Every structure is written in structure tokens, then in C-alpha cells.
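What's in structure.csv: CSV, C-alpha atoms
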```csv
chain,number,residue,atom,x,y,z
A,6,MET,CA,81.1,92.0,53.4
A,7,SER,CA,80.3,88.8,55.2
A,8,SER,CA,78.7,89.1,58.6
A,9,ASN,CA,79.7,85.6,59.7
A,10,ASN,CA,82.9,86.6,61.4
A,11,ARG,CA,81.8,89.6,63.3
A,12,PRO,CA,82.3,89.5,67.0
A,13,LEU,CA,79.4,88.5,69.2
A,14,SER,CA,78.5,89.4,72.7
A,15,PRO,CA,79.2,86.5,75.0
A,16,HIS,CA,76.3,84.1,75.5
A,17,LEU,CA,76.4,84.2,79.2
A,18,ASP,CA,74.9,80.8,79.9
A,19,VAL,CA,77.7,79.0,77.9
A,20,TYR,CA,80.5,81.6,78.4
A,21,LYS,CA,83.2,81.0,81.0
A,22,LEU,CA,83.9,84.3,82.7
A,23,PRO,CA,87.6,85.1,82.7
A,24,LEU,CA,89.2,85.9,86.0
A,25,SER,CA,89.3,89.7,85.2
A,26,ALA,CA,85.5,89.7,84.6
A,27,MET,CA,84.8,87.9,87.9
A,28,LEU,CA,87.0,90.3,89.8
A,29,SER,CA,85.1,93.1,88.1
A,30,VAL,CA,81.8,91.7,89.5
A,31,VAL,CA,83.5,91.2,92.9
A,32,HIS,CA,84.6,94.8,92.9
A,33,ARG,CA,81.0,96.0,92.7
A,34,GLY,CA,79.9,93.4,95.2
A,35,THR,CA,82.6,94.3,97.7
A,36,GLY,CA,81.8,98.0,97.2
A,37,ALA,CA,78.1,97.4,98.1
A,38,PHE,CA,79.1,95.2,101.0
A,39,LEU,CA,81.5,97.9,102.3
A,40,THR,CA,78.8,100.5,102.0
A,41,MET,CA,76.7,98.3,104.4
A,42,GLY,CA,79.8,97.9,106.6
A,43,THR,CA,80.0,101.6,107.2
A,44,ILE,CA,77.0,101.2,109.5
A,45,VAL,CA,79.3,99.0,111.7
A,46,LEU,CA,81.9,101.8,111.7
A,47,VAL,CA,79.3,104.4,112.7
A,48,TRP,CA,77.9,102.2,115.4
A,49,TRP,CA,81.4,101.5,116.8
A,50,LEU,CA,82.3,105.2,116.9
A,51,MET,CA,79.0,106.1,118.5
A,52,ALA,CA,79.6,103.4,121.1
A,53,LEU,CA,83.1,104.8,121.8
A,54,ALA,CA,81.6,108.3,122.1
A,55,GLY,CA,78.8,107.0,124.4
A,56,GLY,CA,81.0,105.9,127.3
A,57,GLU,CA,82.8,102.9,128.6
A,58,GLU,CA,79.7,100.7,129.1
A,59,ALA,CA,78.5,101.2,125.5
A,60,PHE,CA,82.0,100.7,124.2
A,61,MET,CA,82.6,97.5,126.1
A,62,SER,CA,79.4,95.9,124.9
A,63,ALA,CA,80.2,96.9,121.3
A,64,GLN,CA,83.7,95.3,121.7
A,65,GLU,CA,82.1,92.2,123.2
A,66,PHE,CA,79.9,91.8,120.1
A,67,LEU,CA,82.7,92.4,117.7
A,68,GLY,CA,85.0,90.0,119.6
A,69,SER,CA,82.4,87.2,119.4
A,70,PHE,CA,82.5,84.6,116.7
A,71,PHE,CA,79.8,86.2,114.6
A,72,GLY,CA,81.4,89.7,115.1
A,73,ARG,CA,84.8,88.4,114.0
A,74,LEU,CA,83.3,86.7,111.0
A,75,ILE,CA,81.7,90.0,109.9
A,76,LEU,CA,85.0,91.9,110.5
A,77,PHE,CA,87.0,89.2,108.7
A,78,GLY,CA,84.7,89.4,105.6
A,79,TRP,CA,84.7,93.2,105.8
A,80,SER,CA,88.5,93.4,106.1
A,81,PHE,CA,89.1,91.1,103.0
A,82,ALA,CA,86.4,93.1,101.1
A,83,LEU,CA,88.1,96.3,102.1
A,84,PHE,CA,91.6,95.2,101.0
A,85,PHE,CA,90.3,93.6,97.8
A,86,HIS,CA,88.4,96.8,96.9
A,87,LEU,CA,91.5,98.8,97.7
A,88,ALA,CA,93.9,96.7,95.6
A,89,ASN,CA,91.5,96.4,92.7
A,90,GLY,CA,90.7,100.1,93.0
A,91,ILE,CA,94.3,101.0,92.6
A,92,ARG,CA,94.3,98.7,89.5
A,93,HIS,CA,91.3,100.7,88.2
A,94,LEU,CA,93.2,104.0,88.8
A,95,ILE,CA,96.2,102.6,86.8
A,96,TRP,CA,93.8,101.6,84.0
A,97,ASP,CA,92.2,105.1,84.2
A,98,ALA,CA,95.7,106.5,83.6
A,99,GLY,CA,95.9,104.4,80.5
A,100,TYR,CA,98.3,101.6,81.5
A,101,CYS,CA,98.3,97.8,81.7
A,102,PHE,CA,95.4,97.1,79.3
A,103,GLU,CA,97.1,94.2,77.5
A,104,LYS,CA,95.4,90.9,78.1
A,105,ALA,CA,98.5,89.3,79.6
A,106,GLU,CA,98.9,92.3,82.0
A,107,VAL,CA,95.3,92.2,83.1
A,108,GLU,CA,95.6,88.4,83.7
A,109,LYS,CA,98.8,89.0,85.8
A,110,SER,CA,97.5,92.0,87.7
A,111,SER,CA,94.3,90.0,88.6
A,112,PHE,CA,96.5,87.6,90.6
A,113,VAL,CA,98.5,90.5,92.1
A,114,VAL,CA,95.2,92.0,93.3
A,115,LEU,CA,94.1,88.7,94.9
A,116,GLY,CA,97.6,88.1,96.4
A,117,VAL,CA,97.8,91.6,97.9
A,118,SER,CA,94.3,91.6,99.3
A,119,GLY,CA,94.9,88.2,100.9
A,120,PHE,CA,98.3,89.3,102.3
A,121,LEU,CA,97.0,92.5,103.8
A,122,THR,CA,94.1,90.7,105.4
A,123,PHE,CA,96.5,88.2,106.9
A,124,VAL,CA,98.9,90.9,108.1
A,125,VAL,CA,96.2,93.0,109.7
A,126,TRP,CA,94.6,90.0,111.6
A,127,GLY,CA,98.1,88.8,112.6
A,128,LEU,CA,98.8,92.2,114.0
A,129,ALA,CA,95.4,92.3,115.8
A,130,PHE,CA,96.1,89.1,117.6
A,131,SER,CA,99.8,89.7,118.3
A,132,PHE,CA,100.1,93.4,119.1
A,133,THR,CA,98.0,95.6,121.4
A,134,VAL,CA,98.4,99.3,122.2
A,135,GLY,CA,98.5,100.0,125.9
A,136,ALA,CA,98.7,96.3,127.1
B,1,MET,CA,74.0,123.6,63.4
B,2,SER,CA,73.0,120.7,65.6
B,3,LEU,CA,73.4,117.1,64.5
B,4,ARG,CA,70.7,116.0,66.9
B,5,SER,CA,67.4,114.9,65.5
B,6,PRO,CA,64.4,117.2,66.2
B,7,LEU,CA,62.7,114.4,68.1
B,8,GLY,CA,65.7,113.8,70.3
B,9,GLN,CA,65.9,117.5,71.0
B,10,ALA,CA,62.2,117.7,71.9
B,11,LYS,CA,62.5,114.7,74.2
B,12,GLY,CA,65.5,116.1,75.9
B,13,LEU,CA,67.7,113.1,75.2
B,14,GLY,CA,71.4,113.1,75.2
B,15,SER,CA,74.2,113.8,77.6
B,16,ALA,CA,73.3,115.6,80.8
B,17,LYS,CA,76.7,117.3,80.6
B,18,GLU,CA,77.4,116.8,84.3
B,19,GLY,CA,78.7,113.2,84.4
B,20,LEU,CA,82.3,114.2,84.6
B,21,HIS,CA,82.0,115.6,88.1
B,22,HIS,CA,80.6,112.2,89.3
B,23,TRP,CA,83.4,110.3,87.6
B,24,TRP,CA,86.1,112.7,88.8
B,25,ALA,CA,84.8,112.9,92.4
B,26,GLN,CA,84.8,109.0,92.5
B,27,ARG,CA,88.5,109.1,91.6
B,28,VAL,CA,89.5,111.9,94.0
B,29,THR,CA,87.9,110.2,96.9
B,30,ALA,CA,89.4,106.8,95.8
B,31,VAL,CA,92.9,108.4,95.9
B,32,ALA,CA,92.3,109.9,99.3
B,33,LEU,CA,91.0,106.6,100.6
B,34,ILE,CA,94.2,104.6,99.7
B,35,PRO,CA,96.3,106.0,102.6
B,36,LEU,CA,93.3,106.6,104.9
B,37,THR,CA,91.9,103.1,104.8
B,38,ILE,CA,95.3,101.4,105.2
B,39,TRP,CA,96.1,103.7,108.2
B,40,PHE,CA,92.7,103.1,109.8
B,41,ALA,CA,92.6,99.3,109.3
B,42,PHE,CA,96.0,98.9,111.0
B,43,LYS,CA,95.1,101.4,113.7
B,44,VAL,CA,91.9,99.5,114.6
B,45,ALA,CA,93.8,96.2,114.5
B,46,VAL,CA,96.3,97.2,117.1
B,47,LEU,CA,93.5,98.7,119.2
B,48,SER,CA,91.3,95.7,119.0
B,49,GLN,CA,92.3,94.3,122.5
B,50,SER,CA,93.0,97.7,124.1
B,51,ASP,CA,91.0,99.1,127.0
B,52,TYR,CA,88.4,101.8,126.7
B,53,GLN,CA,90.7,104.7,127.8
B,54,THR,CA,93.5,103.7,125.4
B,55,VAL,CA,91.1,103.5,122.5
B,56,LEU,CA,89.6,106.9,123.5
B,57,ASP,CA,93.0,108.6,123.6
B,58,CYS,CA,94.2,107.0,120.3
B,59,ILE,CA,91.0,107.8,118.3
B,60,GLY,CA,90.6,111.2,119.9
B,61,SER,CA,94.1,112.7,119.5
B,62,PRO,CA,93.9,115.7,117.1
B,63,TRP,CA,95.7,114.2,114.1
B,64,SER,CA,93.9,110.9,114.5
B,65,ALA,CA,90.5,112.6,114.8
B,66,ALA,CA,91.2,114.8,111.7
B,67,LEU,CA,92.2,111.7,109.7
B,68,ILE,CA,89.1,109.8,110.8
B,69,VAL,CA,86.8,112.7,109.9
B,70,SER,CA,88.6,112.9,106.5
B,71,LEU,CA,88.2,109.1,106.1
B,72,ILE,CA,84.5,109.3,106.9
B,73,PHE,CA,83.8,112.1,104.5
B,74,ALA,CA,85.8,110.5,101.6
B,75,ALA,CA,84.3,107.0,102.3
B,76,PHE,CA,80.7,108.0,102.5
B,77,TYR,CA,80.9,110.3,99.5
B,78,HIS,CA,82.7,107.4,97.6
B,79,ALA,CA,80.1,104.9,98.7
B,80,ALA,CA,77.2,107.2,97.7
B,81,LEU,CA,78.7,107.7,94.2
B,82,GLY,CA,79.4,104.0,93.8
B,83,MET,CA,75.9,102.9,94.9
B,84,GLN,CA,74.4,105.4,92.5
B,85,VAL,CA,76.3,103.7,89.6
B,86,ILE,CA,75.0,100.2,90.7
B,87,TYR,CA,71.4,101.5,90.9
B,88,GLU,CA,71.7,103.2,87.5
B,89,ASP,CA,73.0,100.0,85.9
B,90,TYR,CA,70.6,97.4,87.5
B,91,VAL,CA,67.4,99.2,88.5
B,92,GLY,CA,65.1,99.6,85.5
B,93,ASN,CA,62.2,101.3,87.1
B,94,LYS,CA,62.8,105.0,87.1
B,95,ALA,CA,60.9,105.9,90.2
B,96,VAL,CA,62.5,103.0,92.2
B,97,ARG,CA,65.9,104.0,90.8
B,98,ILE,CA,65.6,107.7,91.8
B,99,ALA,CA,64.2,106.7,95.2
B,100,ALA,CA,67.1,104.3,95.8
B,101,ILE,CA,69.7,106.9,94.8
B,102,MET,CA,68.1,109.6,96.9
B,103,GLY,CA,67.5,107.3,99.9
B,104,THR,CA,71.2,106.1,99.8
B,105,ASN,CA,72.5,109.7,99.5
B,106,LEU,CA,70.4,110.8,102.5
B,107,LEU,CA,71.3,107.8,104.6
B,108,MET,CA,75.0,108.2,103.8
B,109,PHE,CA,74.8,111.9,104.8
B,110,LEU,CA,73.1,111.0,108.1
B,111,PHE,CA,75.5,108.2,108.9
B,112,GLY,CA,78.5,110.4,107.9
B,113,ALA,CA,77.2,113.3,110.1
B,114,ALA,CA,76.6,110.9,113.0
B,115,ALA,CA,80.1,109.4,112.7
B,116,ILE,CA,81.8,112.8,112.5
B,117,ILE,CA,79.8,114.1,115.5
B,118,ALA,CA,80.9,111.0,117.5
B,119,VAL,CA,84.6,111.6,116.5
B,120,VAL,CA,84.4,115.3,117.4
B,121,ARG,CA,82.8,114.4,120.8
B,122,ILE,CA,85.6,111.9,121.4
B,123,ALA,CA,88.3,114.4,120.4
B,124,LEU,CA,86.8,117.1,122.6
B,125,GLY,CA,86.5,114.8,125.5
B,126,GLY,CA,82.7,115.4,125.9
```
Encoding of this model in C-alpha cells:
Amino acid sequence: MSSNNRPLSPHLDVYKLPLSAMLSVVHRGTGAFLTMGTIVLVWWLMALAGGEEAFMSAQEFLGSFFGRLILFGWSFALFFHLANGIRHLIWDAGYCFEKAEVEKSSFVVLGVSGFLTFVVWGLAFSFTVGA
Amino acid sequence: MSLRSPLGQAKGLGSAKEGLHHWWAQRVTAVALIPLTIWFAFKVAVLSQSDYQTVLDCIGSPWSAALIVSLIFAAFYHAALGMQVIYEDYVGNKAVRIAAIMGTNLLMFLFGAAAIIAVVRIALGG
């Protein structure tokens, strides 16, 4: 048997990563980023439990440009990890493994995460409880 | 009859036979986090401009507090499991790897406990 035609591992320095591979890397990246983001959640809940003064200074920071930038990144990471995570669960169940389906679902994941980020920020700016 | 080589047996190589629990727990927490994160993200969004008392009431209501405690438990457990996989894949040095996994687990437990205590305190109006 000739060994010439056997499949090779991709040579990473000349290999163009397909979208699905990039999303796989981003899934891990967003996972690690969200893990760090849990610290913000803990800090926010602690501030809320700590009384009005602590809460207002936390809100002031989160409402600043830098705070909003972190929250924006975090919300997109959250929705991406959520949408791609659902795709992983579908794969775990044994569905949608064909190349064309994976290609298509990659775009669905990006679209859904962008859409949810847009909706949640739109809601944050347009609707307020108790105002 | 074992198919494993005597050397492999002596060195204790092979499956640890406890990987399934890790894999399964990652999926169970993932499923739990689907509704919990969507709910929490939208809840926080509509509370982003609210005053202190409104946020306090909305976060501290019994159902809301119960859902947030569930969210925290699932999210921190899921995060600890996920970070463990990342360390196992990329950290070659065994001592550093074990220290990173252990450190992350302990930190996640501490942060989770702190967040849950904060929510309980809000819910009980302390």
C-alpha cells in the first residue's frame, strides 16, 4: 500500500483555519473570559448586598465607558458561548455533523449571538424597571 | 486476561475510569445554564438604570434569588470544569497543571460562596 495519499495533519503555518475551527477556538477563549467575568458578577452582588452607597459606586463604574466596554464584551462572549454551546449539545446528541451543516450552523451561531447582544443592549437603553 | 502490557500496568497508565462524570456534569450544567443565563442577562439589562431599592427588590424576591443561586452554582461549577480541560490541554508541567486546576477550583468555590451569601443577604433583607 502506498503511503503517499494518506491524510496528514494540517500544517498550521500554511493552513487556513475553517470558520468552524476558529469558532472552536473562540468557544474556549470566551469560556475563559467568562470565567474571569464571574468576578464582576460576584463584585456586583456583593455591592448590592453592601448597601446603597456601595451599589451606586459599582453602578457608576459599570456605567462608565470602560465599564460598558467590559460589559459589552462580556455580553457578546456570553451569548456566543451560549449559542455555540447549544450547537455542541446538538453535536453531542449526534446531529448536524455534515460539513455543510457545520458551515451553516457556524453562521447561525454568529448571527444569534450578535442578535441577542443587540437585543439585550437595546433593552437596557430603552426599558427600565421602576422608572 | 488483561490486554494491557505489564509495564503499562506497573506504571498505572490508562483510563482513570472517572472521566465520564466530568463530561456529564459539564453537559448538565450547560443545559441548566441555557434558560438561567438568558433570564439573568435580560433581567440585568432592564435593571441597569433602576435605582437601588428597585434592584434590591427585583434581585431579592424569593424566585429571583433562588434562580440566581442556581445560576451561580451551575455557572461556577461549569467554569471550573471548563478551565480544568483548558489547563489539561495546554499546561505541560504536571505540578503547574495540578496547581492551576486546584487553585481555580478553590477560587471558584470561594467566589460562588461569596455570591450566594450576597444573594441570601439581599433576599433576607439583612
* Close residues, A:Ala52 itself excluded, 9 Å, only C-alpha atoms, min 4 positions apart in chain, as a PyMOL selection string -> (chain A and resi 47-48+56-63) or (chain B and resi 118)
* Shell around stretch 74-91 of chain B at 6 Å using all atoms listed in the file, local window under 2 positions removed, as a VMD selection string -> (chain A and resid 40) or (chain B and resid 26 29 71 to 72 93 97 101 105 108)
Closest-contact table, chain B side, partner chain A, 7 Å, counting only C-alpha atoms, as a tab-separated table:
```
residue	atom	partner	partner_atom	distance
B:Ile34	CA	A:Leu87	CA	6.7
B:Phe42	CA	A:Val125	CA	6.0
B:Ala45	CA	A:Ala129	CA	4.4
B:Val46	CA	A:Thr133	CA	4.9
B:Leu47	CA	A:Val134	CA	5.8
B:Ser48	CA	A:Ala129	CA	6.2
B:Gln49	CA	A:Thr133	CA	5.9
B:Ser50	CA	A:Val134	CA	5.9
B:Tyr52	CA	A:Glu57	CA	6.0
B:Thr54	CA	A:Gly135	CA	6.2
B:Ala79	CA	A:Thr40	CA	5.7
B:Met83	CA	A:Ala37	CA	6.7
B:Phe111	CA	A:Val47	CA	6.6
B:Ala115	CA	A:Val47	CA	5.1
B:Ala118	CA	A:Met51	CA	5.3
B:Val119	CA	A:Leu50	CA	6.8
B:Arg121	CA	A:Ala54	CA	6.4
B:Ile122	CA	A:Ala54	CA	5.4
```
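With atom CA of B:Ala123 on one side and atom CA of B:Ala41 on the other, the separation reads 19.2 Å.
One finds atom CA of A:Leu13 at 26.1 Å from atom CA of A:Tyr100.
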Which neighbours of A:Glu108 fall inside 12 Å, counting only C-alpha atoms, when residues of the same chain fewer than 2 positions from it are skipped, and could you give them as a JSON list (two decimals) with C-alpha atoms, in the frame of the given file?
```
[["chain", "number", "residue", "atom", "x", "y", "z"],
["A", 23, "PRO", "CA", 87.60, 85.10, 82.70],
["A", 24, "LEU", "CA", 89.20, 85.90, 86.00],
["A", 25, "SER", "CA", 89.30, 89.70, 85.20],
["A", 26, "ALA", "CA", 85.50, 89.70, 84.60],
["A", 27, "MET", "CA", 84.80, 87.90, 87.90],
["A", 28, "LEU", "CA", 87.00, 90.30, 89.80],
["A", 92, "ARG", "CA", 94.30, 98.70, 89.50],
["A", 101, "CYS", "CA", 98.30, 97.80, 81.70],
["A", 102, "PHE", "CA", 95.40, 97.10, 79.30],
["A", 103, "GLU", "CA", 97.10, 94.20, 77.50],
["A", 104, "LYS", "CA", 95.40, 90.90, 78.10],
["A", 105, "ALA", "CA", 98.50, 89.30, 79.60],
["A", 106, "GLU", "CA", 98.90, 92.30, 82.00],
["A", 110, "SER", "CA", 97.50, 92.00, 87.70],
["A", 111, "SER", "CA", 94.30, 90.00, 88.60],
["A", 112, "PHE", "CA", 96.50, 87.60, 90.60],
["A", 113, "VAL", "CA", 98.50, 90.50, 92.10],
["A", 114, "VAL", "CA", 95.20, 92.00, 93.30],
["A", 115, "LEU", "CA", 94.10, 88.70, 94.90]]
```
Export stretch 11-73 of chain A, C-alpha atoms, as a PDB file, in the first residue's frame; it's the structure right above.
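Wrote it out as decode.pdb, contents follow:
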```pdb
ATOM      1  CA  ARG A  11      -2.667   9.140   3.459  1.00  0.00           C
ATOM      2  CA  PRO A  12      -4.246  12.110   5.255  1.00  0.00           C
ATOM      3  CA  LEU A  13      -1.873  14.459   7.019  1.00  0.00           C
ATOM      4  CA  SER A  14      -2.338  16.699   9.986  1.00  0.00           C
ATOM      5  CA  PRO A  15      -2.757  20.297   8.876  1.00  0.00           C
ATOM      6  CA  HIS A  16       0.496  22.248   8.713  1.00  0.00           C
ATOM      7  CA  LEU A  17      -0.683  25.072  10.898  1.00  0.00           C
ATOM      8  CA  ASP A  18       1.588  27.772   9.428  1.00  0.00           C
ATOM      9  CA  VAL A  19       0.219  27.301   5.896  1.00  0.00           C
ATOM     10  CA  TYR A  20      -3.250  26.030   6.773  1.00  0.00           C
ATOM     11  CA  LYS A  21      -6.208  28.379   6.607  1.00  0.00           C
ATOM     12  CA  LEU A  22      -8.409  27.555   9.570  1.00  0.00           C
ATOM     13  CA  PRO A  23     -12.009  26.981   8.521  1.00  0.00           C
ATOM     14  CA  LEU A  24     -14.689  29.045  10.266  1.00  0.00           C
ATOM     15  CA  SER A  25     -15.758  26.082  12.399  1.00  0.00           C
ATOM     16  CA  ALA A  26     -12.201  25.686  13.719  1.00  0.00           C
ATOM     17  CA  MET A  27     -11.969  29.385  14.533  1.00  0.00           C
ATOM     18  CA  LEU A  28     -15.284  29.251  16.378  1.00  0.00           C
ATOM     19  CA  SER A  29     -13.991  26.257  18.310  1.00  0.00           C
ATOM     20  CA  VAL A  30     -11.001  28.310  19.488  1.00  0.00           C
ATOM     21  CA  VAL A  31     -13.285  31.258  20.275  1.00  0.00           C
ATOM     22  CA  HIS A  32     -15.533  28.952  22.317  1.00  0.00           C
ATOM     23  CA  ARG A  33     -12.620  28.170  24.620  1.00  0.00           C
ATOM     24  CA  GLY A  34     -11.498  31.782  24.666  1.00  0.00           C
ATOM     25  CA  THR A  35     -14.943  33.076  25.567  1.00  0.00           C
ATOM     26  CA  GLY A  36     -15.232  30.342  28.206  1.00  0.00           C
ATOM     27  CA  ALA A  37     -12.030  31.513  29.903  1.00  0.00           C
ATOM     28  CA  PHE A  38     -13.073  35.165  29.512  1.00  0.00           C
ATOM     29  CA  LEU A  39     -16.477  34.450  31.071  1.00  0.00           C
ATOM     30  CA  THR A  40     -14.795  32.656  33.973  1.00  0.00           C
ATOM     31  CA  MET A  41     -12.877  35.876  34.682  1.00  0.00           C
ATOM     32  CA  GLY A  42     -16.113  37.810  34.208  1.00  0.00           C
ATOM     33  CA  THR A  43     -17.753  35.921  37.074  1.00  0.00           C
ATOM     34  CA  ILE A  44     -15.591  38.069  39.349  1.00  0.00           C
ATOM     35  CA  VAL A  45     -17.555  41.122  38.134  1.00  0.00           C
ATOM     36  CA  LEU A  46     -20.812  39.318  38.910  1.00  0.00           C
ATOM     37  CA  VAL A  47     -19.646  38.464  42.438  1.00  0.00           C
ATOM     38  CA  TRP A  48     -18.448  42.032  42.969  1.00  0.00           C
ATOM     39  CA  TRP A  49     -21.788  43.468  41.732  1.00  0.00           C
ATOM     40  CA  LEU A  50     -23.854  41.184  44.003  1.00  0.00           C
ATOM     41  CA  MET A  51     -21.567  41.989  46.958  1.00  0.00           C
ATOM     42  CA  ALA A  52     -22.011  45.708  46.281  1.00  0.00           C
ATOM     43  CA  LEU A  53     -25.792  45.285  46.131  1.00  0.00           C
ATOM     44  CA  ALA A  54     -25.729  43.379  49.437  1.00  0.00           C
ATOM     45  CA  GLY A  55     -23.419  46.008  50.929  1.00  0.00           C
ATOM     46  CA  GLY A  56     -25.897  48.889  50.831  1.00  0.00           C
ATOM     47  CA  GLU A  57     -26.885  51.826  48.664  1.00  0.00           C
ATOM     48  CA  GLU A  58     -23.534  53.618  48.704  1.00  0.00           C
ATOM     49  CA  ALA A  59     -21.522  50.564  47.640  1.00  0.00           C
ATOM     50  CA  PHE A  60     -24.117  49.735  44.987  1.00  0.00           C
ATOM     51  CA  MET A  61     -24.176  53.219  43.495  1.00  0.00           C
ATOM     52  CA  SER A  62     -20.382  53.329  43.139  1.00  0.00           C
ATOM     53  CA  ALA A  63     -20.464  49.896  41.447  1.00  0.00           C
ATOM     54  CA  GLN A  64     -23.179  51.156  39.075  1.00  0.00           C
ATOM     55  CA  GLU A  65     -21.159  54.265  38.381  1.00  0.00           C
ATOM     56  CA  PHE A  66     -18.130  52.211  37.361  1.00  0.00           C
ATOM     57  CA  LEU A  67     -20.172  49.793  35.241  1.00  0.00           C
ATOM     58  CA  GLY A  68     -21.945  52.736  33.583  1.00  0.00           C
ATOM     59  CA  SER A  69     -18.645  54.409  32.651  1.00  0.00           C
ATOM     60  CA  PHE A  70     -17.132  53.963  29.202  1.00  0.00           C
ATOM     61  CA  PHE A  71     -14.658  51.367  30.438  1.00  0.00           C
ATOM     62  CA  GLY A  72     -17.330  49.541  32.444  1.00  0.00           C
ATOM     63  CA  ARG A  73     -19.658  49.416  29.456  1.00  0.00           C
TER      64      ARG A  73
END
```
